[in-house]
Amino acid sequence: MMTNRPVAIRTSGRPGKVERLGHGLLLPVSVLIVWQVLGHYGVISELLFPTPYTIAESFVTLAASGDLWSNFRISLVRALSGFLLGGGLGLLFGILVGLFRRSEKLLDPSLQMIRMIPSLAVVPLFILWFGIGEESKVLLIAKGAFFPLYINTFMGIRGVDNKLFEVSRVFGFSRMKQIGTLVFPAALPNIILGIRLSLGLSWLGLVVAELIASTSGIGYMMSDARQFADTPVVFVGIIIFAAAGLVSDSIVRYIERRLLRWQDSYSG
């Protein structure tokens, strides 16, 4: 005898995109509401902590005048140029040092010594050598972007399971085929992590470069606003840097998901 019983539907238990977005916005929206209320009633100083509404007004004013976008374009070109230069060299040297022991002995000690030099310490030297033009700014950004990609590429290559090379030798793979089919796919997660870190440090290096010696860019706009105690503009610059960093990191993470679909990783 057949009875009508409800059919249990299994779900994956993973939240949807809308739910994830809601969870992600819960904390920042709550902070903005509390911030606005405290500022409106004078609990916190309007000069030091302008309300989100005041910051939004400054953003609209700067965007309407065109100053925000012209400065942002200059900053974007500087950040990407420094990242491509420093990150590209970091990837190249990471591959070279990771694949060959002789290169590691020759290059790695000197590179590690340079890595320990703070970026702020070389700013006066870069200004003396290259002036306050674009060269010094791009090179300062490139210095910060070089080492995360260099180290992660090196570690990714050295972390490849040696058994894979033994199998490749059995099948008679050439050196180039070993690198193309074994080394790079296995090292790709580390390389992508290095790209994400290098991008983040590129934006940090951009802030340092533009705050110290610049006549354009978002960092210069913030420095100029600080001199006139225009705190909302300073907050606008901070938000622009944060948003640009988040967008660039999200793009790399999207590429990572596409390239590493074969990985069966823990999703939490």
# chains A, B, ... in the order shown; residues from 1 in each chain; ligands from 1
>>> residues_around(residues="Glu256 of chain A", least_positions_apart="6", cutoff="12 Å", atoms="only C-alpha atoms", output="list in words")
Leu188, Pro189, Asn190, Ile191, Ile192, Leu193, Gly194, Ile195, Arg196, Asp249, Ser250, Trp262 and Gln263 of chain A
>>> residues_around(residues="segment 47-54 of chain A", least_positions_apart="6", cutoff="9 Å", atoms="only C-alpha atoms", output="list of chain:residue names")
A:Leu32, A:Ile33, A:Trp35, A:Gln36, A:Val37, A:Leu38, A:Gly39, A:His40, A:Ala229, A:Asp230, A:Thr231, A:Pro232, A:Phe235
>>> write_last_selection(atoms="N, CA and C atoms", output="PDB file, in the first residue's frame")
ATOM      1  N   LEU A  32      28.604  51.896   9.987  1.00  0.00           N
ATOM      2  CA  LEU A  32      28.255  53.186   9.384  1.00  0.00           C
ATOM      3  C   LEU A  32      27.055  53.821  10.080  1.00  0.00           C
ATOM      4  N   ILE A  33      26.075  52.997  10.439  1.00  0.00           N
ATOM      5  CA  ILE A  33      24.891  53.538  11.114  1.00  0.00           C
ATOM      6  C   ILE A  33      25.273  54.108  12.481  1.00  0.00           C
ATOM      7  N   TRP A  35      28.233  55.067  13.449  1.00  0.00           N
ATOM      8  CA  TRP A  35      29.100  56.217  13.197  1.00  0.00           C
ATOM      9  C   TRP A  35      28.273  57.461  12.877  1.00  0.00           C
ATOM     10  N   GLN A  36      27.273  57.313  12.010  1.00  0.00           N
ATOM     11  CA  GLN A  36      26.435  58.437  11.626  1.00  0.00           C
ATOM     12  C   GLN A  36      25.658  58.984  12.826  1.00  0.00           C
ATOM     13  N   VAL A  37      25.121  58.102  13.627  1.00  0.00           N
ATOM     14  CA  VAL A  37      24.341  58.530  14.791  1.00  0.00           C
ATOM     15  C   VAL A  37      25.226  59.269  15.796  1.00  0.00           C
ATOM     16  N   LEU A  38      26.398  58.699  16.085  1.00  0.00           N
ATOM     17  CA  LEU A  38      27.305  59.333  17.048  1.00  0.00           C
ATOM     18  C   LEU A  38      27.774  60.698  16.553  1.00  0.00           C
ATOM     19  N   GLY A  39      28.095  60.786  15.261  1.00  0.00           N
ATOM     20  CA  GLY A  39      28.522  62.068  14.714  1.00  0.00           C
ATOM     21  C   GLY A  39      27.402  63.094  14.683  1.00  0.00           C
ATOM     22  N   HIS A  40      26.185  62.634  14.375  1.00  0.00           N
ATOM     23  CA  HIS A  40      25.037  63.554  14.291  1.00  0.00           C
ATOM     24  C   HIS A  40      24.733  64.186  15.643  1.00  0.00           C
ATOM     25  N   ALA A 229      43.112  70.632   6.643  1.00  0.00           N
ATOM     26  CA  ALA A 229      42.197  70.014   7.617  1.00  0.00           C
ATOM     27  C   ALA A 229      40.871  69.618   6.983  1.00  0.00           C
ATOM     28  N   ASP A 230      40.930  69.210   5.714  1.00  0.00           N
ATOM     29  CA  ASP A 230      39.725  68.743   5.013  1.00  0.00           C
ATOM     30  C   ASP A 230      39.619  67.226   5.205  1.00  0.00           C
ATOM     31  N   THR A 231      39.208  66.828   6.393  1.00  0.00           N
ATOM     32  CA  THR A 231      39.204  65.416   6.764  1.00  0.00           C
ATOM     33  C   THR A 231      38.307  64.552   5.883  1.00  0.00           C
ATOM     34  N   PRO A 232      37.123  65.018   5.444  1.00  0.00           N
ATOM     35  CA  PRO A 232      36.301  64.163   4.576  1.00  0.00           C
ATOM     36  C   PRO A 232      37.019  63.722   3.306  1.00  0.00           C
ATOM     37  N   PHE A 235      39.270  60.840   4.072  1.00  0.00           N
ATOM     38  CA  PHE A 235      38.503  59.595   4.163  1.00  0.00           C
ATOM     39  C   PHE A 235      38.092  59.100   2.777  1.00  0.00           C
TER      40      PHE A 235
END
>>> residues_around(residues="Met116 of chain A", least_positions_apart="5", cutoff="12 Å", atoms="only C-alpha atoms", output="PyMOL selection string")
chain A and resi 109-111+121-122+143-144+147
>>> closest_residue(among="A:Val207, A:Val183, A:Ile74, A:Val247", to="Asn162 of chain A", atoms="only C-alpha atoms")
A:Val183
>>> residues_around(residues="Leu107 of chain A", least_positions_apart="6", cutoff="10 Å", atoms="only C-alpha atoms", output="PDB file with all heavy atoms, in the first residue's frame")
ATOM      1  N   PHE A  93      62.560  35.781 -11.475  1.00  0.00           N
ATOM      2  CA  PHE A  93      63.629  35.365 -10.563  1.00  0.00           C
ATOM      3  C   PHE A  93      63.185  34.191  -9.692  1.00  0.00           C
ATOM      4  O   PHE A  93      64.004  33.336  -9.340  1.00  0.00           O
ATOM      5  CB  PHE A  93      64.057  36.544  -9.681  1.00  0.00           C
ATOM      6  CG  PHE A  93      65.052  37.456 -10.333  1.00  0.00           C
ATOM      7  CD1 PHE A  93      64.631  38.493 -11.149  1.00  0.00           C
ATOM      8  CD2 PHE A  93      66.409  37.277 -10.144  1.00  0.00           C
ATOM      9  CE1 PHE A  93      65.531  39.339 -11.763  1.00  0.00           C
ATOM     10  CE2 PHE A  93      67.334  38.120 -10.750  1.00  0.00           C
ATOM     11  CZ  PHE A  93      66.894  39.156 -11.561  1.00  0.00           C
ATOM     12  N   LEU A  96      63.652  31.156 -11.836  1.00  0.00           N
ATOM     13  CA  LEU A  96      65.076  30.900 -12.029  1.00  0.00           C
ATOM     14  C   LEU A  96      65.701  30.296 -10.781  1.00  0.00           C
ATOM     15  O   LEU A  96      66.416  29.277 -10.850  1.00  0.00           O
ATOM     16  CB  LEU A  96      65.785  32.207 -12.403  1.00  0.00           C
ATOM     17  CG  LEU A  96      67.256  32.125 -12.798  1.00  0.00           C
ATOM     18  CD1 LEU A  96      67.418  31.310 -14.072  1.00  0.00           C
ATOM     19  CD2 LEU A  96      67.834  33.526 -12.986  1.00  0.00           C
ATOM     20  N   VAL A  97      65.419  30.883  -9.630  1.00  0.00           N
ATOM     21  CA  VAL A  97      66.005  30.403  -8.376  1.00  0.00           C
ATOM     22  C   VAL A  97      65.365  29.088  -7.947  1.00  0.00           C
ATOM     23  O   VAL A  97      66.028  28.210  -7.382  1.00  0.00           O
ATOM     24  CB  VAL A  97      65.851  31.477  -7.279  1.00  0.00           C
ATOM     25  CG1 VAL A  97      66.265  30.939  -5.916  1.00  0.00           C
ATOM     26  CG2 VAL A  97      66.669  32.712  -7.626  1.00  0.00           C
TER      27      VAL A  97
END
>>> residues_around(residues="Ile240 of chain A", least_positions_apart="3", cutoff="10 Å", atoms="only C-alpha atoms", output="number ranges by chain")
A: 59, 68, 72, 218, 234-237, 243-246
>>> residues_around(residues="Gly87 of chain A", least_positions_apart="3", cutoff="10 Å", atoms="only C-alpha atoms", output="PyMOL selection string")
chain A and resi 80-84+90-93+141-150+194-195+197-199+202
>>> select_by_dssp(residues="segment 4-193 of chain A", states="alpha helix (DSSP H)", output="NGL selection string")
:A and (17-40 or 52-65 or 67-99 or 101-115 or 119-130 or 134-158 or 162-170 or 175-178 or 184-193)
>>> atom_distance(atom1="atom CA of Leu26 of chain A", atom2="atom CA of Trp203 of chain A")
26.1 Å
>>> closest_residue(among="A:Arg73, A:Lys105, A:Arg226, A:Arg78", to="Glu134 of chain A", atoms="only C-alpha atoms")
A:Arg78
>>> closest_residue(among="A:Met221, A:Val123, A:Val18, A:Val43", to="Lys137 of chain A", atoms="only C-alpha atoms")
A:Val123
